[in-house]
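Below: model_31.pdb (PDB, C-alpha atoms)
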ATOM      1  CA  MET A  29     104.030 141.124 105.942  1.00  0.00           C
ATOM      2  CA  PRO A  30     106.129 139.207 108.474  1.00  0.00           C
ATOM      3  CA  GLU A  31     108.844 136.954 107.111  1.00  0.00           C
ATOM      4  CA  ASP A  32     107.729 133.965 109.206  1.00  0.00           C
ATOM      5  CA  ASP A  33     104.470 133.705 107.161  1.00  0.00           C
ATOM      6  CA  SER A  34     106.354 132.703 104.025  1.00  0.00           C
ATOM      7  CA  VAL A  35     106.907 129.061 103.155  1.00  0.00           C
ATOM      8  CA  ALA A  36     110.029 127.799 101.426  1.00  0.00           C
ATOM      9  CA  PRO A  37     109.486 125.835  98.197  1.00  0.00           C
ATOM     10  CA  GLU A  38     111.399 122.904  99.681  1.00  0.00           C
ATOM     11  CA  ALA A  39     108.976 122.763 102.607  1.00  0.00           C
ATOM     12  CA  LEU A  40     105.991 122.771 100.257  1.00  0.00           C
ATOM     13  CA  HIS A  41     107.524 119.977  98.189  1.00  0.00           C
ATOM     14  CA  ASP A  42     108.159 117.915 101.316  1.00  0.00           C
ATOM     15  CA  LYS A  43     104.593 118.476 102.502  1.00  0.00           C
ATOM     16  CA  HIS A  44     102.933 117.923  99.111  1.00  0.00           C
ATOM     17  CA  PRO A  45     105.227 115.832  96.875  1.00  0.00           C
ATOM     18  CA  LYS A  46     104.276 115.785  93.215  1.00  0.00           C
ATOM     19  CA  TRP A  47     104.776 113.439  90.317  1.00  0.00           C
ATOM     20  CA  MET A  48     104.034 114.065  86.662  1.00  0.00           C
ATOM     21  CA  GLY A  49     103.959 111.569  83.827  1.00  0.00           C
ATOM     22  CA  THR A  50     103.255 111.977  80.142  1.00  0.00           C
ATOM     23  CA  PHE A  51     102.376 109.624  77.337  1.00  0.00           C
ATOM     24  CA  PRO A  52     103.144 109.878  73.621  1.00  0.00           C
ATOM     25  CA  TYR A  53      99.570 110.006  72.414  1.00  0.00           C
ATOM     26  CA  PRO A  54      98.509 107.817  69.514  1.00  0.00           C
ATOM     27  CA  TYR A  55      98.586 109.514  66.145  1.00  0.00           C
ATOM     28  CA  MET A  56      95.060 109.303  64.793  1.00  0.00           C
ATOM     29  CA  ASN A  57      95.814 108.495  61.168  1.00  0.00           C
ATOM     30  CA  GLY A  58      95.568 104.764  61.771  1.00  0.00           C
ATOM     31  CA  VAL A  59      93.799 102.175  63.838  1.00  0.00           C
ATOM     32  CA  LEU A  60      94.558 101.847  67.527  1.00  0.00           C
ATOM     33  CA  HIS A  61      96.278  98.559  68.340  1.00  0.00           C
ATOM     34  CA  LEU A  62      97.517  96.568  71.320  1.00  0.00           C
ATOM     35  CA  GLY A  63     100.795  98.487  71.414  1.00  0.00           C
ATOM     36  CA  HIS A  64      98.941 101.676  72.324  1.00  0.00           C
ATOM     37  CA  GLY A  65      97.238  99.942  75.243  1.00  0.00           C
ATOM     38  CA  PHE A  66     100.515  98.399  76.379  1.00  0.00           C
ATOM     39  CA  SER A  67     102.285 101.763  76.364  1.00  0.00           C
ATOM     40  CA  VAL A  68      99.537 103.632  78.180  1.00  0.00           C
ATOM     41  CA  SER A  69      99.235 100.862  80.789  1.00  0.00           C
ATOM     42  CA  LYS A  70     102.832 101.514  81.896  1.00  0.00           C
ATOM     43  CA  ILE A  71     102.222 105.176  82.660  1.00  0.00           C
ATOM     44  CA  GLU A  72      98.817 104.441  84.217  1.00  0.00           C
ATOM     45  CA  PHE A  73     100.466 101.939  86.561  1.00  0.00           C
ATOM     46  CA  ALA A  74     103.236 104.406  87.438  1.00  0.00           C
ATOM     47  CA  ALA A  75     100.732 107.187  88.169  1.00  0.00           C
ATOM     48  CA  GLY A  76      98.676 104.874  90.379  1.00  0.00           C
ATOM     49  CA  TRP A  77     101.795 103.715  92.238  1.00  0.00           C
ATOM     50  CA  GLU A  78     102.871 107.299  92.901  1.00  0.00           C
ATOM     51  CA  ARG A  79      99.380 108.115  94.221  1.00  0.00           C
ATOM     52  CA  LEU A  80      99.620 105.120  96.563  1.00  0.00           C
ATOM     53  CA  GLN A  81     102.934 106.524  97.784  1.00  0.00           C
ATOM     54  CA  GLY A  82     101.104 109.719  98.790  1.00  0.00           C
ATOM     55  CA  LYS A  83     102.197 111.923  95.910  1.00  0.00           C
ATOM     56  CA  ARG A  84      99.937 114.222  93.948  1.00  0.00           C
ATOM     57  CA  ALA A  85     100.166 112.609  90.528  1.00  0.00           C
ATOM     58  CA  LEU A  86      99.414 114.576  87.390  1.00  0.00           C
ATOM     59  CA  PHE A  87      98.887 112.568  84.231  1.00  0.00           C
ATOM     60  CA  PRO A  88      97.700 114.879  81.452  1.00  0.00           C
ATOM     61  CA  PHE A  89      96.441 113.018  78.433  1.00  0.00           C
ATOM     62  CA  GLY A  90      95.303 114.457  75.153  1.00  0.00           C
ATOM     63  CA  PHE A  91      95.011 113.741  71.481  1.00  0.00           C
ATOM     64  CA  HIS A  92      96.893 115.521  68.772  1.00  0.00           C
ATOM     65  CA  VAL A  93      94.919 116.113  65.614  1.00  0.00           C
ATOM     66  CA  THR A  94      97.099 116.882  62.616  1.00  0.00           C
ATOM     67  CA  GLY A  95      97.825 115.301  59.292  1.00  0.00           C
ATOM     68  CA  MET A  96      94.836 113.709  57.593  1.00  0.00           C
ATOM     69  CA  PRO A  97      92.117 115.260  59.815  1.00  0.00           C
ATOM     70  CA  ILE A  98      93.528 118.721  59.078  1.00  0.00           C
ATOM     71  CA  LYS A  99      93.759 117.933  55.346  1.00  0.00           C
ATOM     72  CA  ALA A 100      90.162 116.689  55.340  1.00  0.00           C
ATOM     73  CA  ALA A 101      88.980 119.903  57.031  1.00  0.00           C
ATOM     74  CA  ALA A 102      90.910 122.039  54.516  1.00  0.00           C
ATOM     75  CA  ASP A 103      89.446 120.055  51.598  1.00  0.00           C
ATOM     76  CA  LYS A 104      85.940 120.559  53.007  1.00  0.00           C
ATOM     77  CA  ILE A 105      86.477 124.321  53.207  1.00  0.00           C
ATOM     78  CA  ALA A 106      87.785 124.359  49.619  1.00  0.00           C
ATOM     79  CA  ARG A 107      84.690 122.433  48.412  1.00  0.00           C
ATOM     80  CA  GLU A 108      82.378 124.829  50.263  1.00  0.00           C
ATOM     81  CA  LEU A 109      84.136 127.831  48.724  1.00  0.00           C
ATOM     82  CA  GLU A 110      83.693 126.286  45.259  1.00  0.00           C
ATOM     83  CA  MET A 111      80.013 125.554  45.903  1.00  0.00           C
ATOM     84  CA  PHE A 112      79.002 128.785  47.633  1.00  0.00           C
ATOM     85  CA  GLY A 113      81.680 131.281  46.591  1.00  0.00           C
ATOM     86  CA  PRO A 114      84.139 133.334  48.597  1.00  0.00           C
ATOM     87  CA  GLU A 115      81.356 135.491  50.095  1.00  0.00           C
ATOM     88  CA  PHE A 116      80.067 132.426  51.991  1.00  0.00           C
ATOM     89  CA  ALA A 117      82.672 132.762  54.734  1.00  0.00           C
TER      90      ALA A 117
END

In structure tokens, how does this file's structure come out?
Amino acid sequence: MPEDDSVAPEALHDKHPKWMGTFPYPYMNGVLHLGHGFSVSKIEFAAGWERLQGKRALFPFGFHVTGMPIKAAADKIARELEMFGPEFA
């Protein structure tokens, strides 16, 4: 393969600049409130601005489910084992 077919990472970055932003997702053990919306609006605005500047903006967003939802699922499994026995699984 000829060497002139390769592209330097710097050239790719110049041609396709990228931007990535993250957001501390709301913990789902309480009610969402205005503070969550305020915080996410900052990163949404920044991602939109970077897109307007011609960058490829990546804004992954997800929810983290731990704490009470996990405890509730474990309690449900324990109740099912009590009702149906260990052979149920």

- Item | Å distance separating atom CA of Lys70 of chain A from atom CA of Phe87 of chain A, one decimal place |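 That distance, rounded to one decimal, is 12.0 Å.
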
- Item | Residue among A:Asp103, A:Glu108, A:Glu115, A:Glu78 lying closest to Pro45 of chain A, counting only C-alpha atoms |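 The shortest atom-to-atom distance to Pro45 of chain A comes from A:Glu78.
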
- Using all atoms listed in the file, collect all residues at a distance of at most 6 Å from (100.5, 115.1, 92.8) as written in the file, then present them as a VMD selection string. chain A and resid 46 to 47 83 to 86

- Query: Suppose you want the space between atom CA of Gln81 of chain A and atom CA of Gly65 of chain A; what is it in Å?
  - Reply: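 Distance between the two atoms: 24.2 Å.
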
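Put simply, atom CA of Leu62 of chain A is 20.2 Å away from atom CA of Ala75 of chain A.
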
- Task: Determine, counting only C-alpha atoms, which protein, DNA and RNA residues have an atom within 9 Å of an atom of Phe51 of chain A; residues of the same chain fewer than 6 positions away are not included. Present the result as a VMD selection string.
- Result: chain A and resid 67 to 68 71 87 to 90

- Nearest to Ala74 of chain A, chosen from A:Ala36, A:Leu109, A:Met48, A:Ala101, with all atoms listed in the file counted in the distances: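 Of the candidates, the smallest distance to Ala74 of chain A is held by A:Met48.
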
- Query: Out of A:His61, A:Val35, A:His44, A:Ile105, which residue has the shortest atom-to-atom distance to Gly82 of chain A when counting all atoms listed in the file?
  - Reply: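 Of the candidates, the smallest distance to Gly82 of chain A is held by A:His44.
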
With all atoms of segment 102-110 of chain A from the file as input, state the centre and edge lengths in Å to one decimal of the axis-aligned box that has 6 Å extra on each side, as lines of an AutoDock Vina configuration file.
center_x = 86.6
center_y = 123.9
center_z = 49.9
size_x = 20.5
size_y = 19.8
size_z = 21.3
